[in-house]
Structure formats: C-alpha cells, structure tokens
file my_file.cif (mmCIF, C-alpha atoms)
data_final
#
loop_
_atom_site.label_atom_id
_atom_site.label_comp_id
_atom_site.auth_asym_id
_atom_site.auth_seq_id
_atom_site.Cartn_x
_atom_site.Cartn_y
_atom_site.Cartn_z
CA MET A 1 6.11 25.33 -11.27
CA THR A 2 9.11 23.38 -9.93
CA ASN A 3 10.39 24.50 -6.53
CA GLU A 4 14.00 24.35 -5.32
CA SER A 5 13.44 21.30 -3.10
CA GLU A 6 12.02 19.34 -6.04
CA ILE A 7 15.01 20.31 -8.20
CA SER A 8 17.46 19.25 -5.49
CA GLU A 9 15.64 15.94 -4.99
CA SER A 10 15.72 15.22 -8.73
CA ALA A 11 19.44 15.97 -8.90
CA ASP A 12 20.06 13.42 -6.16
CA ILE A 13 18.36 10.62 -8.11
CA ILE A 14 20.74 10.87 -11.08
CA VAL A 15 23.33 8.09 -10.77
CA TYR A 16 24.99 8.42 -14.19
CA GLU A 17 24.79 10.95 -17.04
CA GLN A 18 26.84 10.86 -20.23
CA ARG A 19 26.04 11.87 -23.82
CA GLY A 20 22.47 10.82 -24.37
CA LEU A 21 22.22 8.33 -21.50
CA ILE A 22 20.97 9.01 -17.97
CA VAL A 23 20.56 6.37 -15.26
CA CYS A 24 18.47 7.22 -12.21
CA ASN A 25 17.73 5.78 -8.79
CA LYS A 26 13.96 5.33 -8.68
CA PRO A 27 12.38 5.73 -5.22
CA GLY A 28 9.86 3.15 -4.07
CA GLY A 29 6.21 4.10 -4.49
CA LEU A 30 6.89 6.24 -7.55
CA LEU A 31 5.80 5.39 -11.09
CA THR A 32 8.55 5.23 -13.71
CA GLN A 33 6.32 6.91 -16.28
CA ALA A 34 2.81 8.35 -16.10
CA PRO A 35 0.33 10.54 -18.01
CA PRO A 36 0.68 14.33 -17.66
CA GLY A 37 -0.31 15.61 -14.23
CA ILE A 38 0.66 12.41 -12.38
CA ASP A 39 3.92 12.28 -10.43
CA SER A 40 6.56 9.99 -11.91
CA LEU A 41 10.30 9.55 -12.17
CA GLU A 42 10.18 10.76 -15.76
CA THR A 43 8.33 13.94 -14.76
CA ARG A 44 10.74 14.73 -11.93
CA LEU A 45 13.74 14.19 -14.20
CA LYS A 46 12.23 16.37 -16.94
CA ASN A 47 11.54 19.18 -14.48
CA PHE A 48 15.11 18.99 -13.17
CA LEU A 49 16.73 18.99 -16.62
CA ARG A 50 14.49 21.82 -17.80
CA ALA A 51 15.52 23.99 -14.85
CA ARG A 52 19.21 23.01 -14.86
CA ASP A 53 19.79 23.35 -18.59
CA ASN A 54 17.30 26.14 -19.31
CA LEU A 55 15.37 23.97 -21.75
CA GLY A 56 12.06 24.74 -23.39
CA ALA A 57 8.75 23.08 -22.73
CA LYS A 58 9.45 20.14 -25.05
CA PHE A 59 12.63 18.07 -25.30
CA TYR A 60 13.40 14.39 -25.79
CA LEU A 61 13.53 12.14 -22.74
CA THR A 62 12.23 8.59 -22.47
CA PRO A 63 12.73 5.61 -20.14
CA ILE A 64 14.29 2.61 -21.89
CA HIS A 65 12.80 0.17 -19.37
CA ARG A 66 10.62 0.42 -16.29
CA LEU A 67 10.43 -0.72 -12.69
CA ASP A 68 7.18 -1.52 -10.90
CA ARG A 69 5.88 1.27 -8.70
CA PRO A 70 6.88 -0.28 -5.33
CA VAL A 71 10.36 -1.29 -6.58
CA THR A 72 13.51 0.82 -6.11
CA GLY A 73 16.71 1.14 -8.08
CA LEU A 74 18.37 1.74 -11.42
CA VAL A 75 16.38 2.92 -14.45
CA ALA A 76 17.93 4.06 -17.75
CA PHE A 77 16.67 7.04 -19.78
CA ALA A 78 17.62 8.23 -23.26
CA ARG A 79 18.02 11.89 -24.21
CA ASN A 80 17.76 11.36 -27.98
CA VAL A 81 16.19 8.96 -30.48
CA ARG A 82 19.48 7.35 -31.51
CA ALA A 83 20.37 6.50 -27.90
CA ALA A 84 16.87 5.17 -27.26
CA LYS A 85 16.95 2.85 -30.29
CA ARG A 86 20.43 1.52 -29.53
CA VAL A 87 19.80 0.79 -25.86
CA SER A 88 16.34 -0.66 -26.60
CA ALA A 89 18.00 -3.02 -29.09
CA GLN A 90 20.33 -4.23 -26.34
CA PHE A 91 17.35 -5.03 -24.12
CA GLN A 92 15.61 -6.86 -26.96
CA GLN A 93 18.76 -8.87 -27.71
CA ARG A 94 19.17 -9.62 -23.97
CA THR A 95 22.72 -8.29 -23.85
CA VAL A 96 21.90 -5.93 -20.97
CA GLN A 97 22.80 -7.43 -17.59
CA LYS A 98 20.33 -6.63 -14.80
CA SER A 99 20.62 -7.85 -11.22
CA TYR A 100 18.25 -7.32 -8.32
CA ILE A 101 18.39 -7.78 -4.58
CA ALA A 102 15.25 -9.00 -2.85
CA MET A 103 14.15 -10.13 0.58
CA VAL A 104 11.71 -13.01 0.34
CA GLU A 105 9.64 -14.71 3.02
CA GLY A 106 10.91 -17.92 4.59
CA SER A 107 13.97 -20.02 3.72
CA LEU A 108 14.83 -21.16 0.23
CA PRO A 109 15.62 -24.86 -0.22
CA ASP A 110 18.81 -24.23 -2.21
CA ALA A 111 21.67 -21.72 -1.98
CA SER A 112 21.31 -21.01 -5.70
CA GLY A 113 19.04 -22.03 -8.50
CA THR A 114 17.00 -21.24 -11.59
CA LEU A 115 13.27 -20.50 -11.61
CA GLU A 116 11.53 -21.28 -14.86
CA ASP A 117 7.83 -20.94 -15.63
CA PHE A 118 5.28 -19.83 -18.16
CA MET A 119 3.30 -16.81 -17.06
CA ARG A 120 0.86 -14.29 -18.42
CA LYS A 121 -0.73 -10.99 -17.49
CA ILE A 122 -4.26 -11.40 -16.13
CA PRO A 123 -6.69 -9.61 -18.48
CA ASP A 124 -7.94 -6.27 -17.15
CA GLN A 125 -5.83 -6.57 -13.99
CA ALA A 126 -2.46 -5.11 -12.97
CA LYS A 127 -1.28 -8.58 -12.03
CA SER A 128 0.29 -11.67 -13.62
CA GLU A 129 -0.23 -15.39 -13.03
CA ILE A 130 1.54 -18.68 -13.64
CA ALA A 131 0.20 -20.26 -16.83
CA GLN A 132 0.43 -23.38 -18.94
CA GLN A 133 2.53 -23.12 -22.08
CA HIS A 134 -0.50 -23.61 -24.34
CA GLN A 135 -2.60 -20.87 -22.70
CA PRO A 136 -3.22 -17.63 -24.64
CA ASN A 137 -0.50 -14.98 -24.10
CA ALA A 138 1.64 -17.34 -22.00
CA LYS A 139 5.32 -16.33 -22.07
CA HIS A 140 8.44 -18.12 -20.92
CA ALA A 141 9.97 -16.64 -17.73
CA GLN A 142 13.39 -17.49 -16.36
CA LEU A 143 15.67 -16.10 -13.67
CA GLU A 144 18.70 -17.19 -11.65
CA TYR A 145 19.23 -16.51 -7.96
CA ASN A 146 21.88 -16.79 -5.26
CA VAL A 147 21.17 -16.64 -1.52
CA LEU A 148 23.13 -13.83 0.15
CA ASP A 149 22.07 -14.47 3.74
CA SER A 150 19.22 -15.96 5.76
CA HIS A 151 17.33 -14.56 8.74
CA ALA A 152 14.69 -15.86 11.09
CA THR A 153 11.77 -14.81 8.92
CA HIS A 154 13.23 -14.08 5.49
CA THR A 155 16.05 -14.66 3.02
CA ARG A 156 18.04 -12.07 1.09
CA VAL A 157 18.80 -13.08 -2.49
CA GLU A 158 20.50 -11.67 -5.58
CA ILE A 159 18.55 -12.25 -8.78
CA ARG A 160 19.62 -12.13 -12.41
CA LEU A 161 16.82 -11.86 -14.93
CA ILE A 162 17.10 -13.98 -18.05
CA THR A 163 13.74 -12.79 -19.39
CA GLY A 164 11.82 -9.66 -18.48
CA ARG A 165 8.10 -10.26 -17.89
CA THR A 166 5.52 -8.17 -16.05
CA HIS A 167 5.97 -8.75 -12.30
CA GLN A 168 8.22 -11.73 -13.10
CA ILE A 169 10.38 -11.78 -9.96
CA ARG A 170 7.42 -11.07 -7.73
CA LEU A 171 5.30 -13.84 -9.23
CA GLN A 172 7.95 -16.53 -9.59
CA PHE A 173 9.02 -16.32 -5.94
CA SER A 174 5.51 -15.90 -4.53
CA SER A 175 4.22 -18.90 -6.50
CA ARG A 176 6.75 -21.02 -4.59
CA GLY A 177 5.70 -19.70 -1.20
CA HIS A 178 8.39 -17.02 -0.93
CA ALA A 179 6.66 -13.70 -1.58
CA ILE A 180 8.76 -10.56 -1.51
CA LEU A 181 8.45 -8.72 1.80
CA GLY A 182 5.71 -6.12 1.67
CA ASP A 183 4.25 -7.40 -1.61
CA GLU A 184 0.62 -7.85 -0.58
CA LEU A 185 -0.47 -8.09 -4.22
CA TYR A 186 1.30 -11.45 -4.38
CA GLY A 187 0.40 -12.73 -0.95
CA ALA A 188 3.12 -11.38 1.34
CA SER A 189 2.29 -11.62 5.04
CA GLN A 190 5.27 -9.58 6.25
CA THR A 191 5.29 -5.79 6.06
CA PHE A 192 8.21 -3.80 4.71
CA GLY A 193 9.45 -0.24 4.44
CA PRO A 194 8.27 3.03 5.94
CA LYS A 195 4.61 3.46 6.81
CA VAL A 196 2.68 5.58 4.32
CA ILE A 197 -0.78 7.13 4.31
CA ASP A 198 -1.20 6.72 0.55
CA LEU A 199 -1.03 2.95 -0.05
CA ARG A 200 0.06 3.53 -3.63
CA LYS A 201 3.39 4.72 -2.23
CA ARG A 202 4.16 1.47 -0.43
CA GLN A 203 7.51 -0.19 -1.08
CA ILE A 204 8.43 -3.83 -1.41
CA ALA A 205 11.82 -5.44 -0.74
CA LEU A 206 12.94 -5.54 -4.36
CA HIS A 207 15.76 -3.35 -5.64
CA SER A 208 17.42 -3.07 -9.05
CA TRP A 209 21.04 -2.80 -7.98
CA LYS A 210 23.22 -3.69 -11.00
CA LEU A 211 22.93 -2.53 -14.58
CA LYS A 212 25.51 -3.20 -17.29
CA LEU A 213 25.13 -2.12 -20.92
CA ARG A 214 27.04 -0.57 -23.80
CA HIS A 215 26.91 3.21 -24.06
CA PRO A 216 24.79 4.00 -27.14
CA ILE A 217 27.12 6.74 -28.40
CA ASP A 218 30.57 5.99 -26.99
CA ASP A 219 30.27 2.18 -27.35
CA GLN A 220 31.93 1.66 -23.96
CA ASP A 221 30.70 -0.51 -21.09
CA VAL A 222 28.54 1.27 -18.53
CA ASP A 223 28.68 -0.88 -15.39
CA LEU A 224 26.71 0.52 -12.45
CA GLN A 225 25.94 -0.67 -8.93
CA LEU A 226 23.59 0.92 -6.43
CA PRO A 227 23.09 -0.55 -2.93
CA PRO A 228 19.53 -0.82 -1.57
CA PRO A 229 18.14 2.21 0.29
CA ALA A 230 18.69 2.79 4.00
CA THR A 231 15.24 1.40 4.87
CA TRP A 232 16.58 -2.09 4.13
CA THR A 233 19.04 -1.82 7.02
CA VAL A 234 16.17 -1.05 9.38
CA ALA A 235 14.23 -4.04 8.03
CA ASN A 236 17.12 -6.36 8.87
CA ASP A 237 17.60 -5.16 12.47
CA GLY A 238 17.06 -7.86 15.03
CA THR A 239 16.66 -10.69 12.57
#
call {"tool": "encode", "arguments": {"input": "my_file.cif", "output": "structure tokens"}}
result
Amino acid sequence: MTNESEISESADIIVYEQRGLIVCNKPGGLLTQAPPGIDSLETRLKNFLRARDNLGAKFYLTPIHRLDRPVTGLVAFARNVRAAKRVSAQFQQRTVQKSYIAMVEGSLPDASGTLEDFMRKIPDQAKSEIAQQHQPNAKHAQLEYNVLDSHATHTRVEIRLITGRTHQIRLQFSSRGHAILGDELYGASQTFGPKVIDLRKRQIALHSWKLKLRHPIDDQDVDLQLPPPATWTVANDGT
C-alpha cells in the first residue's frame, strides 16, 4: 500500500515527463532498480504513476541507465518499448551527453584534463579496479574534467563521461589519489552528506547534473540540468 507521503515524495523526484520519457532526480542512498520488495527509484516511480494515473498492477516502466546507490541526480526511464529501444540506442552510440559534478579529495594538478585507463569489475565483488589492457574483461575508460573551484581539503569538478563503465568516475579519480568525498569503498578519508544509521543509505559527492538526448518519440532535443542537492552547500561551508 502506498501512502500519501510516498506519493508526494515520488512526484517531487520527476524532473521531466513527456510522451514515453520520464527523467527523475535520484536521491543518494537509493538503488535505481531492485528486486521486488526492495526500495528503489523504479519502485517509487511505479507506485506514484499507478496511483496518479489509476493504472493496474502491471505496466511498462524501465530505467534506460543507472546511477550507483550513493550517487544523486538525473536518471531516464522509458514508459514503452519503442522509447526504451530508441534511447538505449543513443546510449550505445554514445550520442547522449552526460555531465557530473563531484567533490574530490585534495587539489588536482591541472585545471582541466582527460583521464584514460583500462579497468574491469572485480569478480564476485561490487567494485572495479584499474587493469592492464591484456587482462580478461578489461575495458577502456575515458572521461574529461574541468575544475570548478578549489577548497582547503577538496576540489569541485565537472566531469563528462566518454565511456560508461561500472564505478568509472569513482575509480579513475581515486586511483590518482583524489577519491570522491564520502566514497569509503574507494579509499576516501573525508566524510560527506547527512549521517545515516543504515550505512547502505550513505551518499558520496557525485551528482549527475546534465543530461542531453533526443526525445524517442518527438525527435527533439531534451536538455536538462539539475543542481546538486542542498547537502552540498553544507559540505562547502567554511572551506
């Protein structure tokens, strides 16, 4: 049973909705997608749409891409198979433009640059590692970054993904000694975000803030921006 507060909360996370395409603002600490019975962005959105539109138990809704659990920001969903196939094709062809904002530990040596590595997912672990090109399952990873501002303990950067690998941004920066704030999985020493009892709900300082793609039905540009959540302002105070 979905209560009124849950419905209101789900309505607030919808950033864009138009003919088969929905873009949401994923909270930190929430899975994008999960098995039945486990809280996720997909489940919350389904519950909201079912209540708002008086839908039955089953209807089509699927995320086109995903964000890691502790990451916030823009995630696109499709409401029908045609929209899902067309937007998925854009991701595969790398015509979708995705930009992130992150706060990383320390000072970066350059105001802008490209990070390029080979990386792979560690077998049987929810973690990736830098790899040699010849190693099994090694994949090319590339991103571009620009420094937005620097503080005493960290640097705020904008990141444009060229490839999309598991934990790519988190691994590429941490492997150079600049872990994302709050990202203990990849060696961060600085905490970030609100304190939580359930450690699975922790956030890290990584936010998907720009998403540009072609609408799968209307064939028009969808160009969205979403600033980081208010907790980021608190994190910057006094630095």
call {"tool": "residues_near_point", "arguments": {"input": "my_file.cif", "point": "(20.9, -15.4, 1.2)", "cutoff": "9 Å", "atoms": "all atoms listed in the file", "output": "PyMOL selection string"}}
result
chain A and resi 103+107-108+111-112+146-151+154-158
call {"tool": "atom_distance", "arguments": {"input": "my_file.cif", "atom1": "CA of Ser189 (chain A)", "atom2": "CA of Gln132 (chain A)"}}
result
26.8 Å
call {"tool": "atom_distance", "arguments": {"input": "my_file.cif", "atom1": "CA of Gly106 (chain A)", "atom2": "CA of Gly182 (chain A)"}}
result
13.2 Å
call {"tool": "resolve_selection", "arguments": {"input": "my_file.cif", "expression": "the PyMOL selection byres ((chain A and resi 65) around 8)", "output": "list in words"}}
result
Pro63, Ile64, Arg66, Leu67, Val75, Ala76 and Phe77 of chain A
call {"tool": "closest_residue", "arguments": {"input": "my_file.cif", "among": "A:Asp53, A:Glu17, A:Asp68, A:Asp221", "to": "Thr95 (chain A)", "atoms": "only C-alpha atoms"}}
result
A:Asp221
call {"tool": "resolve_selection", "arguments": {"input": "my_file.cif", "expression": "the PyMOL selection byres ((chain A and resi 159) around 6)", "output": "number ranges by chain"}}
result
A: 99-100, 144-145, 158, 160
call {"tool": "resolve_selection", "arguments": {"input": "my_file.cif", "expression": "the PyMOL selection byres ((chain A and resi 161-174) around 8)", "output": "number ranges by chain"}}
result
A: 68, 94, 97-99, 104, 115-117, 121, 127-130, 139-144, 159-160, 175-180, 183, 186-188
call {"tool": "write_last_selection", "arguments": {"input": "my_file.cif", "atoms": "C-alpha atoms", "output": "PDB file, keeping the file's coordinate frame"}}
result
ATOM      1  CA  ASP A  68       7.180  -1.520 -10.900  1.00  0.00           C
ATOM      2  CA  ARG A  94      19.170  -9.620 -23.970  1.00  0.00           C
ATOM      3  CA  GLN A  97      22.800  -7.430 -17.590  1.00  0.00           C
ATOM      4  CA  LYS A  98      20.330  -6.630 -14.800  1.00  0.00           C
ATOM      5  CA  SER A  99      20.620  -7.850 -11.220  1.00  0.00           C
ATOM      6  CA  VAL A 104      11.710 -13.010   0.340  1.00  0.00           C
ATOM      7  CA  LEU A 115      13.270 -20.500 -11.610  1.00  0.00           C
ATOM      8  CA  GLU A 116      11.530 -21.280 -14.860  1.00  0.00           C
ATOM      9  CA  ASP A 117       7.830 -20.940 -15.630  1.00  0.00           C
ATOM     10  CA  LYS A 121      -0.730 -10.990 -17.490  1.00  0.00           C
ATOM     11  CA  LYS A 127      -1.280  -8.580 -12.030  1.00  0.00           C
ATOM     12  CA  SER A 128       0.290 -11.670 -13.620  1.00  0.00           C
ATOM     13  CA  GLU A 129      -0.230 -15.390 -13.030  1.00  0.00           C
ATOM     14  CA  ILE A 130       1.540 -18.680 -13.640  1.00  0.00           C
ATOM     15  CA  LYS A 139       5.320 -16.330 -22.070  1.00  0.00           C
ATOM     16  CA  HIS A 140       8.440 -18.120 -20.920  1.00  0.00           C
ATOM     17  CA  ALA A 141       9.970 -16.640 -17.730  1.00  0.00           C
ATOM     18  CA  GLN A 142      13.390 -17.490 -16.360  1.00  0.00           C
ATOM     19  CA  LEU A 143      15.670 -16.100 -13.670  1.00  0.00           C
ATOM     20  CA  GLU A 144      18.700 -17.190 -11.650  1.00  0.00           C
ATOM     21  CA  ILE A 159      18.550 -12.250  -8.780  1.00  0.00           C
ATOM     22  CA  ARG A 160      19.620 -12.130 -12.410  1.00  0.00           C
ATOM     23  CA  SER A 175       4.220 -18.900  -6.500  1.00  0.00           C
ATOM     24  CA  ARG A 176       6.750 -21.020  -4.590  1.00  0.00           C
ATOM     25  CA  GLY A 177       5.700 -19.700  -1.200  1.00  0.00           C
ATOM     26  CA  HIS A 178       8.390 -17.020  -0.930  1.00  0.00           C
ATOM     27  CA  ALA A 179       6.660 -13.700  -1.580  1.00  0.00           C
ATOM     28  CA  ILE A 180       8.760 -10.560  -1.510  1.00  0.00           C
ATOM     29  CA  ASP A 183       4.250  -7.400  -1.610  1.00  0.00           C
ATOM     30  CA  TYR A 186       1.300 -11.450  -4.380  1.00  0.00           C
ATOM     31  CA  GLY A 187       0.400 -12.730  -0.950  1.00  0.00           C
ATOM     32  CA  ALA A 188       3.120 -11.380   1.340  1.00  0.00           C
TER      33      ALA A 188
END
call {"tool": "atom_distance", "arguments": {"input": "my_file.cif", "atom1": "CA of Gly29 (chain A)", "atom2": "CA of Arg69 (chain A)"}}
result
5.1 Å
call {"tool": "closest_residue", "arguments": {"input": "my_file.cif", "among": "A:Val71, A:Lys85, A:Pro123, A:Ala131", "to": "Gly193 (chain A)", "atoms": "only C-alpha atoms"}}
result
A:Val71
call {"tool": "closest_residue", "arguments": {"input": "my_file.cif", "among": "A:Arg86, A:Asp218, A:Asp39, A:Met119", "to": "Gln135 (chain A)", "atoms": "all atoms listed in the file"}}
result
A:Met119
call {"tool": "closest_residue", "arguments": {"input": "my_file.cif", "among": "A:Ser208, A:Gln220, A:Gln125, A:Thr233", "to": "Leu185 (chain A)", "atoms": "all atoms listed in the file"}}
result
A:Gln125
call {"tool": "residues_around", "arguments": {"input": "my_file.cif", "residues": "Tyr16 (chain A)", "least_positions_apart": "6", "cutoff": "10 Å", "atoms": "all atoms listed in the file", "output": "ChimeraX atom specification"}}
result
/A:22-25,74,76,222,224
call {"tool": "closest_residue", "arguments": {"input": "my_file.cif", "among": "A:Pro227, A:His207, A:Asp124, A:Arg214", "to": "Phe91 (chain A)", "atoms": "only C-alpha atoms"}}
result
A:Arg214
call {"tool": "closest_residue", "arguments": {"input": "my_file.cif", "among": "A:Gln133, A:Asn80, A:Gln18, A:Thr62", "to": "Arg120 (chain A)", "atoms": "all atoms listed in the file"}}
result
A:Gln133
call {"tool": "decode", "arguments": {"input": "my_file.cif", "residues": "region 163-228 of chain A", "atoms": "C-alpha atoms", "output": "short mmCIF file (atom, residue, chain, number, x, y, z; two decimals), in the first residue's frame"}}
result
data_model
loop_
_atom_site.label_atom_id
_atom_site.label_comp_id
_atom_site.auth_asym_id
_atom_site.auth_seq_id
_atom_site.Cartn_x
_atom_site.Cartn_y
_atom_site.Cartn_z
CA THR A 163 32.68 5.85 -21.80
CA GLY A 164 30.37 4.43 -19.16
CA ARG A 165 31.97 1.73 -17.01
CA THR A 166 30.99 0.39 -13.60
CA HIS A 167 32.17 2.89 -10.94
CA GLN A 168 34.27 4.62 -13.61
CA ILE A 169 34.39 8.14 -12.16
CA ARG A 170 34.89 6.84 -8.65
CA LEU A 171 37.76 4.55 -9.64
CA GLN A 172 39.58 6.84 -12.06
CA PHE A 173 39.83 9.70 -9.58
CA SER A 174 40.58 7.52 -6.54
CA SER A 175 43.36 5.69 -8.39
CA ARG A 176 45.11 9.06 -8.74
CA GLY A 177 44.78 9.91 -5.06
CA HIS A 178 41.62 12.01 -5.40
CA ALA A 179 38.78 9.87 -4.06
CA ILE A 180 35.29 11.32 -4.13
CA LEU A 181 34.26 12.69 -0.73
CA GLY A 182 32.45 10.08 1.32
CA ASP A 183 33.40 7.20 -1.01
CA GLU A 184 34.93 4.81 1.52
CA LEU A 185 34.72 1.92 -0.96
CA TYR A 186 37.43 3.65 -2.98
CA GLY A 187 39.54 4.93 -0.12
CA ALA A 188 38.03 8.30 0.77
CA SER A 189 39.19 9.67 4.12
CA GLN A 190 36.74 12.59 4.22
CA THR A 191 33.11 12.11 5.19
CA PHE A 192 30.22 13.58 3.23
CA GLY A 193 26.49 14.08 3.45
CA PRO A 194 23.98 13.59 6.23
CA LYS A 195 24.65 10.99 8.91
CA VAL A 196 22.63 7.80 8.49
CA ILE A 197 22.02 4.76 10.67
CA ASP A 198 21.78 2.40 7.71
CA LEU A 199 25.20 2.60 6.01
CA ARG A 200 23.67 1.47 2.72
CA LYS A 201 21.99 4.88 2.56
CA ARG A 202 25.23 6.85 2.66
CA GLN A 203 25.84 9.44 -0.05
CA ILE A 204 29.01 10.40 -1.87
CA ALA A 205 29.82 13.74 -3.50
CA LEU A 206 28.93 12.69 -7.04
CA HIS A 207 25.90 14.10 -8.83
CA SER A 208 24.55 13.56 -12.35
CA TRP A 209 23.61 17.12 -13.22
CA LYS A 210 23.31 17.37 -17.02
CA LEU A 211 21.59 15.03 -19.44
CA LYS A 212 21.05 15.74 -23.13
CA LEU A 213 19.41 13.33 -25.57
CA ARG A 214 16.90 13.16 -28.40
CA HIS A 215 13.31 12.51 -27.42
CA PRO A 216 12.49 8.98 -28.62
CA ILE A 217 9.06 9.93 -30.00
CA ASP A 218 9.18 13.65 -30.80
CA ASP A 219 12.80 13.60 -32.09
CA GLN A 220 13.55 16.89 -30.32
CA ASP A 221 16.46 17.68 -28.02
CA VAL A 222 15.81 17.11 -24.33
CA ASP A 223 18.43 19.18 -22.49
CA LEU A 224 18.17 19.02 -18.70
CA GLN A 225 20.18 20.44 -15.81
CA LEU A 226 19.74 19.70 -12.12
CA PRO A 227 21.94 21.37 -9.46
CA PRO A 228 23.36 19.19 -6.66
#
